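Printed here is start-v2.pdb (PDB, C-alpha atoms):
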ATOM      1  CA  MET A  13     -25.688  -5.657  44.355
ATOM      2  CA  GLU A  14     -22.185  -7.017  43.790
ATOM      3  CA  GLN A  15     -23.375  -8.638  40.577
ATOM      4  CA  VAL A  16     -24.620  -5.278  39.285
ATOM      5  CA  LEU A  17     -21.308  -3.612  40.156
ATOM      6  CA  THR A  18     -19.386  -6.374  38.365
ATOM      7  CA  TYR A  19     -21.454  -6.053  35.197
ATOM      8  CA  LEU A  20     -21.166  -2.251  35.274
ATOM      9  CA  GLY A  21     -17.413  -2.474  35.767
ATOM     10  CA  TYR A  22     -16.913  -4.855  32.863
ATOM     11  CA  ILE A  23     -19.084  -2.730  30.573
ATOM     12  CA  LEU A  24     -17.051   0.363  31.460
ATOM     13  CA  ILE A  25     -13.780  -1.515  30.942
ATOM     14  CA  VAL A  26     -14.785  -2.754  27.481
ATOM     15  CA  ILE A  27     -15.958   0.743  26.475
ATOM     16  CA  GLY A  28     -12.663   2.192  27.683
ATOM     17  CA  ALA A  29     -10.591  -0.347  25.764
ATOM     18  CA  ILE A  30     -12.568   0.317  22.584
ATOM     19  CA  PHE A  31     -12.055   4.072  22.937
ATOM     20  CA  LEU A  32      -8.322   3.585  23.501
ATOM     21  CA  PHE A  33      -8.210   1.544  20.285
ATOM     22  CA  LEU A  34     -10.158   4.259  18.440
ATOM     23  CA  GLY A  35      -7.662   6.841  19.665
ATOM     24  CA  GLY A  36      -4.807   4.793  18.233
ATOM     25  CA  LEU A  37      -6.663   4.341  14.958
ATOM     26  CA  GLY A  38      -7.303   8.080  14.701
ATOM     27  CA  ILE A  39      -3.637   8.781  15.355
ATOM     28  CA  VAL A  40      -2.661   6.531  12.461
ATOM     29  CA  ARG A  41      -5.336   7.590   9.976
ATOM     30  CA  LEU A  42      -5.844  11.342  10.333
ATOM     31  CA  PRO A  43      -3.979  13.732   8.034
ATOM     32  CA  ASP A  44      -2.185  16.369  10.135
ATOM     33  CA  ILE A  45      -0.960  17.171  13.625
ATOM     34  CA  TYR A  46      -3.966  19.189  14.788
ATOM     35  CA  SER A  47      -6.575  16.591  13.871
ATOM     36  CA  ARG A  48      -4.325  13.841  15.262
ATOM     37  CA  LEU A  49      -4.227  15.756  18.528
ATOM     38  CA  GLN A  50      -8.028  15.597  18.665
ATOM     39  CA  ALA A  51      -8.048  11.812  18.331
ATOM     40  CA  GLY A  52      -5.010  11.211  20.489
ATOM     41  CA  THR A  53      -6.222  13.306  23.380
ATOM     42  CA  LYS A  54     -10.000  13.250  23.473
ATOM     43  CA  ALA A  55     -10.533   9.574  22.680
ATOM     44  CA  SER A  56      -7.636   8.448  24.862
ATOM     45  CA  THR A  57      -8.797  10.566  27.799
ATOM     46  CA  LEU A  58     -12.310   9.139  27.630
ATOM     47  CA  GLY A  59     -10.969   5.600  27.250
ATOM     48  CA  ALA A  60      -8.549   5.858  30.168
ATOM     49  CA  MET A  61     -11.138   7.475  32.448
ATOM     50  CA  SER A  62     -13.759   4.859  31.628
ATOM     51  CA  LEU A  63     -11.370   1.929  32.080
ATOM     52  CA  ILE A  64      -9.976   3.133  35.417
ATOM     53  CA  LEU A  65     -13.463   3.869  36.734
ATOM     54  CA  GLY A  66     -14.512   0.377  35.635
ATOM     55  CA  VAL A  67     -11.664  -1.144  37.668
ATOM     56  CA  GLY A  68     -12.842   0.932  40.614
ATOM     57  CA  PHE A  69     -16.356  -0.519  40.240
ATOM     58  CA  LEU A  70     -15.034  -4.070  39.976
ATOM     59  CA  ASN A  71     -13.115  -3.757  43.230
ATOM     60  CA  PRO A  72     -14.984  -1.242  45.430
ATOM     61  CA  ALA A  73     -12.142  -0.945  47.941
ATOM     62  CA  TRP A  74     -10.095   0.749  45.192
ATOM     63  CA  LEU A  75     -12.798   3.213  44.184
ATOM     64  CA  VAL A  76     -11.354   6.276  45.941
ATOM     65  CA  LYS A  77      -7.873   5.922  44.478
ATOM     66  CA  SER A  78      -9.207   5.226  40.990
ATOM     67  CA  LEU A  79     -11.346   8.361  41.278
ATOM     68  CA  VAL A  80      -8.208  10.331  42.175
ATOM     69  CA  ILE A  81      -6.420   8.923  39.084
ATOM     70  CA  VAL A  82      -9.435   9.778  36.901
ATOM     71  CA  ILE A  83      -9.510  13.358  38.191
ATOM     72  CA  PHE A  84      -5.788  13.824  37.576
ATOM     73  CA  ILE A  85      -6.064  12.439  34.024
ATOM     74  CA  ALA A  86      -9.021  14.738  33.323
ATOM     75  CA  LEU A  87      -7.028  17.714  34.565
ATOM     76  CA  SER A  88      -3.613  17.032  33.064
ATOM     77  CA  ASN A  89      -4.282  15.537  29.632
ATOM     78  CA  PRO A  90      -6.039  18.546  28.012
ATOM     79  CA  ILE A  91      -3.270  20.800  29.339
ATOM     80  CA  SER A  92      -0.625  18.882  27.438
ATOM     81  CA  SER A  93      -2.759  18.766  24.284
ATOM     82  CA  HIS A  94      -3.380  22.512  24.370
ATOM     83  CA  ALA A  95       0.285  23.299  24.969
ATOM     84  CA  LEU A  96       1.361  21.036  22.131
ATOM     85  CA  ALA A  97      -1.135  22.523  19.649
ATOM     86  CA  ARG A  98      -0.075  26.046  20.600
ATOM     87  CA  GLY A  99       3.604  25.184  20.312
ATOM     88  CA  SER A 100       3.088  23.591  16.898
ATOM     89  CA  TYR A 101       1.188  26.628  15.613
ATOM     90  CA  ARG A 102       3.831  29.041  16.858
ATOM     91  CA  HIS A 103       6.423  26.786  15.187
ATOM     92  CA  ASN A 104       4.796  27.682  11.828
ATOM     93  CA  ILE A 105       3.216  24.332  11.062
ATOM     94  CA  LYS A 106       0.331  24.928   8.682
ATOM     95  CA  PRO A 107      -2.996  23.186   9.247
ATOM     96  CA  TRP A 108      -4.051  20.687   6.591
ATOM     97  CA  SER A 109      -6.554  22.024   4.074
ATOM     98  CA  LYS A 110      -8.375  20.444   1.191
ATOM     99  CA  GLU A 111      -7.335  23.078  -1.341
ATOM    100  CA  ASP A 112      -3.706  22.060  -1.163
ATOM    101  CA  ILE A 113      -4.153  18.420  -2.030
ATOM    102  CA  ASP A 114      -7.204  18.275  -4.266
ATOM    103  CA  ALA A 115      -5.460  19.476  -7.421
ATOM    104  CA  TYR A 116      -6.498  16.376  -9.373
ATOM    105  CA  ARG A 117     -10.187  17.074  -8.817
ATOM    106  CA  GLN A 118      -9.669  20.652 -10.016
ATOM    107  CA  TYR A 119      -7.842  19.321 -13.077
ATOM    108  CA  LEU A 120     -10.756  16.989 -13.819
ATOM    109  CA  LYS A 121     -13.196  19.884 -13.467
ATOM    110  CA  GLU A 122     -11.241  22.018 -15.953
ATOM    111  CA  GLU A 123     -11.036  19.105 -18.383
ATOM    112  CA  GLY A 124     -14.780  18.592 -18.078
ATOM    113  CA  GLN A 125     -15.420  22.247 -18.794
ATOM    114  CA  LYS A 126     -13.222  22.105 -21.942
ATOM    115  CA  GLU A 127     -15.047  19.022 -23.169
ATOM    116  CA  ARG A 128     -18.397  20.668 -22.563
ATOM    117  CA  GLU A 129     -17.332  23.782 -24.469
ATOM    118  CA  GLU A 130     -16.129  21.668 -27.402
ATOM    119  CA  GLU A 131     -19.398  19.768 -27.444
ATOM    120  CA  ALA A 132     -21.265  23.058 -27.420
ATOM    121  CA  LYS A 133     -19.196  24.304 -30.402
ATOM    122  CA  GLN A 134     -19.808  21.083 -32.328
ATOM    123  CA  THR A 135     -23.536  21.269 -31.737
ATOM    124  CA  GLU A 136     -23.490  24.913 -32.873
ATOM    125  CA  ASN A 137     -21.630  23.928 -36.070
ATOM    126  CA  LYS A 138     -24.132  21.184 -36.773
ATOM    127  CA  ASP A 139     -26.949  23.640 -36.445
TER     128      ASP A 139
ATOM    129  CA  MET B  11       1.624 -17.376  39.084
ATOM    130  CA  GLY B  12      -1.863 -18.669  39.353
ATOM    131  CA  LEU B  13      -3.438 -16.034  37.172
ATOM    132  CA  SER B  14      -6.962 -16.921  36.068
ATOM    133  CA  LEU B  15      -8.271 -14.778  33.229
ATOM    134  CA  ASN B  16     -11.724 -14.921  31.740
ATOM    135  CA  ILE B  17     -12.451 -14.134  28.101
ATOM    136  CA  ILE B  18     -13.233 -10.429  28.636
ATOM    137  CA  ASP B  19      -9.879  -9.828  30.332
ATOM    138  CA  ILE B  20      -8.042 -11.414  27.395
ATOM    139  CA  ILE B  21     -10.018  -9.367  24.870
ATOM    140  CA  VAL B  22      -9.360  -6.127  26.753
ATOM    141  CA  LEU B  23      -5.627  -6.863  27.015
ATOM    142  CA  ALA B  24      -5.494  -7.645  23.285
ATOM    143  CA  ILE B  25      -7.309  -4.433  22.336
ATOM    144  CA  ILE B  26      -5.002  -2.315  24.497
ATOM    145  CA  SER B  27      -1.951  -4.025  22.972
ATOM    146  CA  VAL B  28      -3.202  -3.187  19.477
ATOM    147  CA  ALA B  29      -3.762   0.426  20.569
ATOM    148  CA  LEU B  30      -0.171   0.593  21.858
ATOM    149  CA  ILE B  31       1.128  -0.803  18.556
ATOM    150  CA  LEU B  32      -0.859   1.814  16.587
ATOM    151  CA  ASP B  33       0.528   4.616  18.768
ATOM    152  CA  PHE B  34       4.050   3.316  18.280
ATOM    153  CA  TYR B  35       3.505   3.144  14.506
ATOM    154  CA  ARG B  36       2.717   6.863  14.488
ATOM    155  CA  PHE B  37       5.747   7.447  16.705
ATOM    156  CA  VAL B  38       7.979   5.776  14.120
ATOM    157  CA  ARG B  39       6.345   7.256  11.017
ATOM    158  CA  GLY B  40       5.381  10.753  12.136
ATOM    159  CA  PRO B  41       6.992  13.372   9.932
ATOM    160  CA  LEU B  42       7.272  16.154  12.539
ATOM    161  CA  ALA B  43       8.626  16.230  16.069
ATOM    162  CA  SER B  44       5.166  17.265  17.310
ATOM    163  CA  ASP B  45       3.627  14.052  15.952
ATOM    164  CA  ARG B  46       6.137  11.975  17.852
ATOM    165  CA  VAL B  47       5.638  13.893  21.080
ATOM    166  CA  MET B  48       1.869  13.461  20.748
ATOM    167  CA  ALA B  49       2.225   9.726  20.070
ATOM    168  CA  ALA B  50       4.439   9.335  23.149
ATOM    169  CA  ASP B  51       1.891  11.209  25.273
ATOM    170  CA  THR B  52      -0.913   8.942  24.067
ATOM    171  CA  MET B  53       1.289   5.925  24.806
ATOM    172  CA  THR B  54       1.725   7.251  28.346
ATOM    173  CA  VAL B  55      -2.025   7.478  28.961
ATOM    174  CA  THR B  56      -2.665   4.073  27.367
ATOM    175  CA  THR B  57       0.085   2.482  29.455
ATOM    176  CA  ALA B  58      -1.323   4.060  32.628
ATOM    177  CA  SER B  59      -4.711   2.459  32.023
ATOM    178  CA  LEU B  60      -3.017  -0.843  31.125
ATOM    179  CA  LEU B  61      -1.136  -0.701  34.434
ATOM    180  CA  VAL B  62      -4.378  -0.131  36.351
ATOM    181  CA  PHE B  63      -6.021  -3.086  34.636
ATOM    182  CA  LEU B  64      -3.010  -5.356  35.253
ATOM    183  CA  GLY B  65      -3.024  -4.241  38.884
ATOM    184  CA  TYR B  66      -6.619  -5.403  39.107
ATOM    185  CA  LEU B  67      -5.699  -8.738  37.531
ATOM    186  CA  PHE B  68      -2.746  -9.284  39.893
ATOM    187  CA  ASP B  69      -4.856  -8.008  42.838
ATOM    188  CA  ARG B  70      -2.143  -5.803  44.368
ATOM    189  CA  TYR B  71      -3.239  -2.418  45.677
ATOM    190  CA  ILE B  72       0.168  -0.726  45.425
ATOM    191  CA  TYR B  73       0.187  -1.097  41.645
ATOM    192  CA  LEU B  74      -2.270   1.776  41.346
ATOM    193  CA  ASP B  75       0.434   4.162  42.563
ATOM    194  CA  ILE B  76       2.422   3.800  39.337
ATOM    195  CA  ALA B  77      -0.612   4.803  37.276
ATOM    196  CA  LEU B  78      -1.106   7.721  39.654
ATOM    197  CA  ILE B  79       2.486   8.838  39.012
ATOM    198  CA  TYR B  80       1.877   8.687  35.245
ATOM    199  CA  ALA B  81      -1.370  10.626  35.583
ATOM    200  CA  VAL B  82       0.213  13.343  37.714
ATOM    201  CA  LEU B  83       3.606  13.742  36.025
ATOM    202  CA  GLY B  84       2.880  12.671  32.461
ATOM    203  CA  PHE B  85       2.140  16.126  31.117
ATOM    204  CA  ILE B  86       5.278  17.902  32.365
ATOM    205  CA  GLY B  87       7.598  16.572  29.681
ATOM    206  CA  VAL B  88       5.113  17.407  26.924
ATOM    207  CA  ILE B  89       4.729  20.961  28.219
ATOM    208  CA  VAL B  90       8.516  21.440  28.332
ATOM    209  CA  ILE B  91       8.922  20.179  24.748
ATOM    210  CA  ALA B  92       6.009  22.326  23.555
ATOM    211  CA  ARG B  93       7.497  25.428  25.157
ATOM    212  CA  TYR B  94      10.828  24.594  23.513
ATOM    213  CA  LEU B  95       9.177  24.266  20.079
ATOM    214  CA  GLU B  96       7.364  27.535  20.671
ATOM    215  CA  GLY B  97      10.607  29.427  21.151
ATOM    216  CA  GLY B  98      11.485  29.792  24.838
ATOM    217  CA  VAL B  99      11.687  27.221  27.598
TER     218      VAL B  99
ATOM    219  CA  MET C  21       2.049 -16.754  33.336
ATOM    220  CA  SER C  22      -0.803 -16.564  30.924
ATOM    221  CA  THR C  23      -0.374 -16.532  27.162
ATOM    222  CA  ILE C  24      -1.665 -13.030  26.549
ATOM    223  CA  ILE C  25       0.784 -11.595  29.067
ATOM    224  CA  THR C  26       3.617 -13.431  27.310
ATOM    225  CA  ILE C  27       2.482 -11.838  24.040
ATOM    226  CA  LEU C  28       2.441  -8.463  25.803
ATOM    227  CA  VAL C  29       6.016  -8.996  27.000
ATOM    228  CA  VAL C  30       7.157  -9.888  23.465
ATOM    229  CA  ILE C  31       5.487  -6.782  22.022
ATOM    230  CA  GLY C  32       7.075  -4.664  24.735
ATOM    231  CA  ALA C  33      10.531  -6.073  24.012
ATOM    232  CA  LEU C  34      10.160  -5.333  20.288
ATOM    233  CA  VAL C  35       9.006  -1.774  21.037
ATOM    234  CA  LEU C  36      11.971  -1.367  23.407
ATOM    235  CA  VAL C  37      14.547  -2.386  20.800
ATOM    236  CA  ALA C  38      12.902  -0.290  18.066
ATOM    237  CA  ALA C  39      12.811   2.805  20.285
ATOM    238  CA  ALA C  40      16.459   2.307  21.255
ATOM    239  CA  VAL C  41      17.547   2.071  17.597
ATOM    240  CA  PHE C  42      15.438   5.160  16.882
ATOM    241  CA  ALA C  43      17.058   7.119  19.711
ATOM    242  CA  VAL C  44      20.530   6.311  18.428
ATOM    243  CA  HIS C  45      19.973   6.910  14.717
ATOM    244  CA  LYS C  46      17.907  10.122  14.674
ATOM    245  CA  ARG C  47      19.683  13.402  13.974
ATOM    246  CA  ASP C  48      16.942  15.455  15.660
ATOM    247  CA  LEU C  49      17.798  15.424  19.364
ATOM    248  CA  VAL C  50      14.254  16.309  20.494
ATOM    249  CA  VAL C  51      13.022  13.130  18.824
ATOM    250  CA  ALA C  52      15.807  11.175  20.548
ATOM    251  CA  THR C  53      14.663  12.605  23.884
ATOM    252  CA  VAL C  54      11.093  11.463  23.248
ATOM    253  CA  ALA C  55      12.409   8.013  22.281
ATOM    254  CA  THR C  56      14.233   7.863  25.608
ATOM    255  CA  SER C  57      10.934   8.638  27.318
ATOM    256  CA  VAL C  58       9.270   5.761  25.452
ATOM    257  CA  ILE C  59      12.082   3.403  26.518
ATOM    258  CA  SER C  60      11.518   4.412  30.140
ATOM    259  CA  LEU C  61       7.771   3.741  29.732
ATOM    260  CA  VAL C  62       8.298   0.200  28.473
ATOM    261  CA  LEU C  63      10.953  -0.487  31.124
ATOM    262  CA  SER C  64       8.502   0.592  33.813
ATOM    263  CA  LEU C  65       5.930  -1.836  32.386
ATOM    264  CA  PHE C  66       8.530  -4.623  32.550
ATOM    265  CA  TYR C  67       9.429  -3.878  36.174
ATOM    266  CA  PHE C  68       5.718  -3.948  36.889
ATOM    267  CA  LEU C  69       5.306  -7.374  35.295
ATOM    268  CA  LEU C  70       8.353  -8.670  37.196
ATOM    269  CA  GLN C  71       6.581  -7.878  40.503
ATOM    270  CA  ALA C  72       8.836  -4.978  41.498
ATOM    271  CA  PRO C  73       6.451  -2.048  42.032
ATOM    272  CA  ASP C  74       8.909   0.198  43.894
ATOM    273  CA  VAL C  75      11.472   0.071  41.082
ATOM    274  CA  ALA C  76       8.692   0.726  38.581
ATOM    275  CA  LEU C  77       7.573   3.731  40.630
ATOM    276  CA  THR C  78      11.065   5.246  40.621
ATOM    277  CA  GLU C  79      11.571   4.543  36.914
ATOM    278  CA  ALA C  80       8.234   6.193  36.080
ATOM    279  CA  ALA C  81       8.881   9.304  38.148
ATOM    280  CA  ILE C  82      12.407   9.826  36.826
ATOM    281  CA  GLY C  83      11.948   8.769  33.225
ATOM    282  CA  VAL C  84       8.774  10.613  32.373
ATOM    283  CA  ALA C  85       9.579  14.015  33.842
ATOM    284  CA  LEU C  86      13.125  14.566  35.078
ATOM    285  CA  THR C  87      15.115  13.141  32.151
ATOM    286  CA  THR C  88      13.021  15.019  29.593
ATOM    287  CA  ILE C  89      13.410  18.335  31.387
ATOM    288  CA  ILE C  90      17.178  17.987  31.775
ATOM    289  CA  PHE C  91      17.676  16.926  28.143
ATOM    290  CA  ILE C  92      15.498  19.724  26.770
ATOM    291  CA  VAL C  93      17.316  22.364  28.821
ATOM    292  CA  THR C  94      20.620  20.980  27.536
ATOM    293  CA  ILE C  95      19.392  21.007  23.919
ATOM    294  CA  LYS C  96      18.205  24.583  24.328
ATOM    295  CA  ASN C  97      21.634  25.656  25.545
ATOM    296  CA  THR C  98      23.507  23.851  22.747
ATOM    297  CA  LYS C  99      21.806  23.053  19.422
ATOM    298  CA  ARG C 100      18.997  20.882  18.191
ATOM    299  CA  PHE C 101      20.380  18.975  15.224
ATOM    300  CA  GLU C 102      23.332  16.652  15.341
ATOM    301  CA  ASP C 103      26.015  17.186  12.715
TER     302      ASP C 103
END
Go ahead and render the structure in this file as structure tokens.
Amino acid sequence: MEQVLTYLGYILIVIGAIFLFLGGLGIVRLPDIYSRLQAGTKASTLGAMSLILGVGFLNPAWLVKSLVIVIFIALSNPISSHALARGSYRHNIKPWSKEDIDAYRQYLKEEGQKEREEEAKQTENKD
Amino acid sequence: MGLSLNIIDIIVLAIISVALILDFYRFVRGPLASDRVMAADTMTVTTASLLVFLGYLFDRYIYLDIALIYAVLGFIGVIVIARYLEGGV
Amino acid sequence: MSTIITILVVIGALVLVAAAVFAVHKRDLVVATVATSVISLVLSLFYFLLQAPDVALTEAAIGVALTTIIFIVTIKNTKRFED
């Protein structure tokens, strides 16, 4: 029985550490504040809850207090994320959209259309 | 200190350290104040879980209290800053 | 002390110095307040590693909530950007 609890605890701890790392990676890589909030809050909340619960499984005398910490993290972390997203939106920060930054693709599309029209004219002249 | 770590403990500590460095990178780079506040909040949660894991490694029960303090009080500062950015405290 | 914990201490010290420089040099005072919060976080981790859990408890409770609230109320009553 203790062996099973030890294995379960280590599996939960490794999953939690990996999700904490993924939260950090999402914070670095994502393009704007709202999508960064998704990574920084959801992934970090899951990682912290899993890791603390894993410690509780490894040392069963600590299970009650680790459950209390998990419950408080699950209650308080989404509150801060929601408040921060709302404050940013009221502060007139625009969400990131693809239309703003993909001007080069649009330019390429227009160029391609011009080339196609010229080719069509040339083929008409040949005929 | 006679601290005996197996390989999984070392790997977990290394992964959490890398996560803290990534959060701090966004804290330094982030163009807006909101980005920095969010990075500091994520650092708080990551540090709380790191403190719980170190408390397990050191085998001292009282160390869980610090993580409990971070879990209970960590959101108050973020809410105050968010209300300030929104317009009224 | 094990090697990985020594590496953790070195990383924490570098983060501490970087956050302190950041708090001094930024013109935006909200950002400086958040940097102060980060400094308090790393200091609490150091007290923890130095086997002083009561000091770490006090540092966590004061640094993460009380200092931020007082600084933000002060910034609201004065102005946000330094001249």
Using all atoms listed in the file, determine which residues lie at most 8 Å from stretch 51-57 of chain C, disregarding the query and same-chain residues fewer than 6 positions distant; provide the list as number ranges by chain.
B: 43, 46-47, 50; C: 39-40, 42-44, 83-84, 87-88, 91-92
What lies within 8 Å of stretch 64-78 of chain C using all atoms listed in the file, ignoring chain neighbours under 4 positions off, as a list in words?
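In the requested form, the answer reads Thr57, Leu61, Ile72, Tyr73, Asp75, Ile76 and Ile79 of chain B; Val29, Gly32, Ser60 and Ile82 of chain C.
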Store the residues picked out above, limited to C-alpha atoms, as an mmCIF file, in the coordinates of the input.
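Output below, filename selection_2.cif:
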data_model
loop_
_atom_site.group_PDB
_atom_site.id
_atom_site.type_symbol
_atom_site.label_atom_id
_atom_site.label_comp_id
_atom_site.auth_asym_id
_atom_site.auth_seq_id
_atom_site.Cartn_x
_atom_site.Cartn_y
_atom_site.Cartn_z
ATOM 1 C CA THR B 57 0.085 2.482 29.455
ATOM 2 C CA LEU B 61 -1.136 -0.701 34.434
ATOM 3 C CA ILE B 72 0.168 -0.726 45.425
ATOM 4 C CA TYR B 73 0.187 -1.097 41.645
ATOM 5 C CA ASP B 75 0.434 4.162 42.563
ATOM 6 C CA ILE B 76 2.422 3.800 39.337
ATOM 7 C CA ILE B 79 2.486 8.838 39.012
ATOM 8 C CA VAL C 29 6.016 -8.996 27.000
ATOM 9 C CA GLY C 32 7.075 -4.664 24.735
ATOM 10 C CA SER C 60 11.518 4.412 30.140
ATOM 11 C CA ILE C 82 12.407 9.826 36.826
#
Looking at only C-alpha atoms, which of A:Gly38, A:Gly28, A:Gly52, A:Gly66 is the one that sits closest to chain B?
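Nearest to chain B: A:Gly52.
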So, with all atoms listed in the file as the atoms that count, which of C:Glu102, C:Ala85, C:Ile95, C:Val58 lies closest to B:Met48?
C:Val58
Would you work out the distance separating atom CA of A:Tyr46 from atom CA of A:Phe31, expressed in Å to one decimal?
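Atom CA of A:Tyr46 sits 19.0 Å away from atom CA of A:Phe31.
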Test item: chain A residues at most 7 Å from chain B, counting only C-alpha atoms, as a PyMOL selection string:
chain A and resi 26+29+32-33+36-37+39-40+45+49+52-53+56+60+63-64+67+81+84-85+88-89+92+95-96+99-100+102-103
What separation in Å, quoted to one decimal, exists between atom CA of A:Leu24 and atom CA of B:Ile20?
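Atom CA of B:Ile20 lies 15.4 Å from atom CA of A:Leu24.
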Atom CA of A:Leu58 to atom CA of A:Ala86, distance in Å rounded to a single decimal:
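Straight-line distance from atom CA of A:Leu58 to atom CA of A:Ala86 works out to 8.6 Å.
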I'd like to see the residues matched by the PyMOL selection byres ((chain C and resi 23) around 12) on this file, and ideally I'd get them as a PyMOL selection string.
(chain B and resi 13-15+20+23-24) or (chain C and resi 21-22+24-30)
Please determine an axis-aligned box that encloses all atoms of stretch 19-24 of chain B listed in the file, with 5 Å added on each side, and express its centre and edge lengths in Å to one decimal as AutoDock Vina command-line options.
--center_x -7.8 --center_y -8.8 --center_z 26.8 --size_x 14.5 --size_y 15.3 --size_z 17.0
